[in-house]
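Undergrad: So here's upload03.txt, just compact mmCIF, C-alpha atoms:
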# COMPACT_ATOMS: atom_id res chain seq x y z
CA GLN A 1 75.25 119.15 93.35
CA LEU A 2 77.34 120.13 96.33
CA GLN A 3 78.67 116.88 97.78
CA PRO A 4 81.48 116.60 100.28
CA VAL A 5 83.47 113.39 99.85
CA GLU A 6 85.39 111.98 102.79
CA SER A 7 88.34 109.61 102.75
CA GLY A 8 91.17 108.44 104.97
CA GLY A 9 89.34 106.17 107.36
CA GLY A 10 90.66 102.77 108.31
CA LEU A 11 91.91 100.57 111.11
CA VAL A 12 94.26 102.08 113.69
CA GLN A 13 95.56 100.86 117.02
CA PRO A 14 94.70 102.66 120.26
CA GLY A 15 97.05 105.58 120.69
CA GLY A 16 97.57 105.84 116.96
CA SER A 17 96.87 108.66 114.53
CA LEU A 18 94.85 109.09 111.38
CA ARG A 19 94.18 111.95 109.01
CA LEU A 20 90.77 112.23 107.39
CA SER A 21 90.25 114.24 104.23
CA CYS A 22 87.20 115.87 102.73
CA VAL A 23 87.03 117.35 99.26
CA VAL A 24 84.25 119.76 98.38
CA SER A 25 84.26 120.43 94.66
CA GLY A 26 83.02 123.63 93.16
CA ILE A 27 83.43 125.97 96.08
CA ASN A 28 86.12 127.77 97.96
CA VAL A 29 86.20 126.09 101.36
CA GLU A 30 87.62 129.25 102.85
CA TYR A 31 84.28 131.05 102.33
CA TYR A 32 82.03 128.72 104.32
CA ARG A 33 81.73 126.99 107.65
CA ILE A 34 82.97 123.41 107.56
CA ALA A 35 82.53 120.78 110.24
CA TRP A 36 83.31 117.20 111.11
CA PHE A 37 80.84 114.94 112.87
CA HIS A 38 81.36 111.56 114.49
CA GLN A 39 78.73 108.86 114.63
CA ALA A 40 79.51 106.10 117.08
CA PRO A 41 77.77 102.76 116.53
CA GLY A 42 74.14 102.98 117.58
CA LYS A 43 74.24 106.71 118.19
CA GLU A 44 73.38 109.91 116.37
CA PRO A 45 76.12 111.99 114.73
CA ALA A 46 77.80 114.35 117.17
CA GLY A 47 79.77 117.44 116.27
CA ILE A 48 83.48 117.29 117.00
CA SER A 49 85.06 120.19 115.14
CA CYS A 50 84.27 123.13 112.91
CA ARG A 51 86.10 125.92 111.15
CA GLY A 52 84.49 129.25 110.43
CA ARG A 53 85.09 131.84 107.79
CA ASP A 54 86.90 133.87 110.42
CA GLY A 55 89.54 131.13 110.43
CA MET A 56 88.74 130.14 113.98
CA SER A 57 88.06 126.56 114.97
CA ASN A 58 85.94 124.95 117.66
CA TYR A 59 86.22 121.50 119.13
CA ALA A 60 84.14 119.21 121.27
CA ASP A 61 85.63 118.70 124.71
CA SER A 62 86.19 115.02 123.94
CA VAL A 63 88.71 115.80 121.19
CA LYS A 64 90.37 119.02 122.34
CA GLY A 65 94.12 118.68 122.22
CA ARG A 66 93.91 115.52 120.12
CA PHE A 67 92.15 116.52 116.89
CA THR A 68 92.95 119.39 114.54
CA ILE A 69 90.84 120.69 111.68
CA SER A 70 92.53 122.42 108.78
CA THR A 71 91.90 123.44 105.19
CA ASP A 72 93.85 123.57 101.95
CA VAL A 73 92.07 126.14 99.84
CA ALA A 74 94.04 125.41 96.68
CA LYS A 75 93.00 121.76 96.82
CA GLN A 76 89.47 122.46 98.12
CA MET A 77 90.25 120.09 100.95
CA VAL A 78 89.33 119.94 104.60
CA TYR A 79 91.33 117.73 106.93
CA LEU A 80 90.85 116.26 110.37
CA GLN A 81 94.09 115.18 111.99
CA MET A 82 93.33 112.73 114.79
CA THR A 83 95.89 111.65 117.37
CA ASP A 84 95.91 109.52 120.51
CA LEU A 85 92.89 107.62 119.27
CA THR A 86 90.82 105.50 121.62
CA PRO A 87 88.14 102.87 120.96
CA GLU A 88 85.55 105.56 121.76
CA ASP A 89 86.70 107.44 118.65
CA ALA A 90 85.63 104.57 116.39
CA GLY A 91 82.70 105.07 114.07
CA THR A 92 81.76 106.97 110.97
CA TYR A 93 83.10 110.45 110.37
CA PHE A 94 81.17 112.92 108.26
CA CYS A 95 82.26 116.16 106.69
CA ALA A 96 79.57 118.81 106.38
CA ILE A 97 79.37 122.34 105.01
CA ASP A 98 77.15 125.32 105.64
CA VAL A 99 76.65 127.43 102.51
CA SER A 100 73.68 129.39 103.83
CA SER A 101 75.86 132.18 105.15
CA THR A 102 79.27 133.70 104.58
CA ASP A 103 79.30 135.95 107.62
CA LEU A 104 82.13 135.95 110.11
CA THR A 105 80.27 134.71 113.17
CA PRO A 106 81.99 131.80 114.93
CA CYS A 107 81.09 128.33 113.75
CA ARG A 108 79.07 125.91 115.83
CA ILE A 109 79.29 122.16 115.67
CA GLU A 110 75.54 121.67 115.54
CA ARG A 111 74.03 119.29 113.02
CA GLY A 112 71.29 121.66 112.02
CA ASP A 113 73.76 124.32 110.91
CA TYR A 114 75.09 122.25 108.02
CA GLY A 115 73.03 121.51 104.96
CA TYR A 116 75.40 119.39 102.90
CA TRP A 117 76.89 116.19 104.18
CA GLY A 118 79.22 113.58 102.81
CA ARG A 119 78.56 109.85 103.01
CA GLY A 120 81.17 109.34 105.70
CA THR A 121 84.37 107.40 106.21
CA GLN A 122 84.74 104.57 108.70
CA VAL A 123 87.31 104.57 111.50
CA THR A 124 88.06 101.48 113.56
CA VAL A 125 90.25 101.70 116.64
CA SER A 126 91.35 98.29 117.81
CA SER A 127 94.44 96.36 118.77
Would you write the structure of this file as structure tokens?

TA:
Amino acid sequence: QLQPVESGGGLVQPGGSLRLSCVVSGINVEYYRIAWFHQAPGKEPAGISCRGRDGMSNYADSVKGRFTISTDVAKQMVYLQMTDLTPEDAGTYFCAIDVSSTDLTPCRIERGDYGYWGRGTQVTVSS
């Protein structure tokens, strides 16, 4: 069963940084589109970043310049480096993968594009 597993969440002060990790066993993360989603309390998950097989990344406007998605193929890991965090960044972060296609079209950070989701990791931003 393909199951992303997230980790790295926790409590951070406003302005602080955090790195989330996602391990996807059994596949080469370089071959598929990978994305991170953020679910704020009381809201639906919203896409914040993705990385396509072409190596290009996309970001939601709310995180551009602050968040960076990256992969470590040898470790089958996907990371989300988050900086300059604000209380609005708090919530649950999900890693998701699209294995339906290996083409080189740019990734989208749309929920419906990703069939396999992790259970999420919680981020709290508070002083």

Undergrad: So how many Å separate CA of Ser17 in chain A and CA of Ser49 in chain A, to one decimal?

TA: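 About the pair CA of Ser17 in chain A and CA of Ser49 in chain A: they are 16.5 Å apart.
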
Undergrad: Fewer than 2 positions away in the same chain doesn't count, so skip those; otherwise give me all residues within 7 Å of Phe67 in chain A, counting all atoms listed in the file, as a PyMOL selection string.

TA: chain A and resi 63-65+69+80-83

Undergrad: Please identify all polymer residues within 10 Å of Ala74 in chain A, counting only C-alpha atoms, omitting same-chain residues fewer than 5 positions from it, and present them as a list in words.

TA: Asn28, Val29 and Glu30 of chain A

Undergrad: Near Thr121 in chain A, within 9 Å and counting only C-alpha atoms, which residues show up once chain neighbours fewer than 2 positions away are dropped, as JSON, numbers by chain?

TA: {"A": [5, 6, 7, 8, 9, 10, 20, 91, 92, 93, 94, 118, 119, 123]}

Undergrad: Please indicate the distance in Å from CA of Ala96 in chain A to CA of Trp36 in chain A, rounded to one decimal place.

TA: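 Separating CA of Ala96 in chain A from CA of Trp36 in chain A is a distance of 6.2 Å.
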
Undergrad: Do you have the CA of Cys95 in chain A-CA of Ala35 in chain A distance handy?

TA: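 Taking CA of Cys95 in chain A as the start and CA of Ala35 in chain A as the end point, the length is 5.8 Å.
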
Undergrad: Rank A:Ser57, A:Gln39, A:Gln13, A:Ser25 by their smallest atom-to-atom distance to Arg108 in chain A, using only C-alpha atoms, and report the top residue only.

TA: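 Going through A:Ser57, A:Gln39, A:Gln13, A:Ser25 one by one, the smallest distance to Arg108 in chain A is for A:Ser57.
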
Undergrad: Neighbouring residues of Arg111 in chain A were defined as those with any atom within 8 Å, considering all atoms listed in the file; residues of the same chain fewer than 6 positions away were excluded. Please report them as a list in words.

TA: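 These residues fall inside the cut-off: Pro45, Ala46 and Gly47 of chain A.
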
Undergrad: Those selected residues, please, written with C-alpha atoms and delivered as an mmCIF file, in the frame of the given file.

TA:
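Result written to again-v9.cif:
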data_model
loop_
_atom_site.group_PDB
_atom_site.id
_atom_site.type_symbol
_atom_site.label_atom_id
_atom_site.label_comp_id
_atom_site.auth_asym_id
_atom_site.auth_seq_id
_atom_site.Cartn_x
_atom_site.Cartn_y
_atom_site.Cartn_z
ATOM 1 C CA PRO A 45 76.120 111.990 114.730
ATOM 2 C CA ALA A 46 77.800 114.350 117.170
ATOM 3 C CA GLY A 47 79.770 117.440 116.270
#

Undergrad: Applying 12 Å and only C-alpha atoms, which residues near Ser127 in chain A remain after dropping the ones on its own chain fewer than 4 positions away? List them as a list in words.

TA: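 After dropping sequence-adjacent residues, the list is Leu11, Val12, Gln13, Pro14, Gly15, Gly16, Leu85, Thr86 and Pro87 of chain A.
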
Undergrad: As lines of an AutoDock Vina configuration file, what would the box around range 107-121 of chain A look like: edges along x, y and z, 3 Å added on every side, centre and edge lengths in Å to one decimal?

TA:
center_x = 77.8
center_y = 117.9
center_z = 109.3
size_x = 19.1
size_y = 26.9
size_z = 19.0

Undergrad: When you count all atoms listed in the file, which of these residues is closest to Pro41 in chain A: A:Ala90, A:Cys107, A:Val73, A:Leu2?

TA: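 Looking only at the distances to Pro41 in chain A, the closest residue turns out to be A:Ala90.
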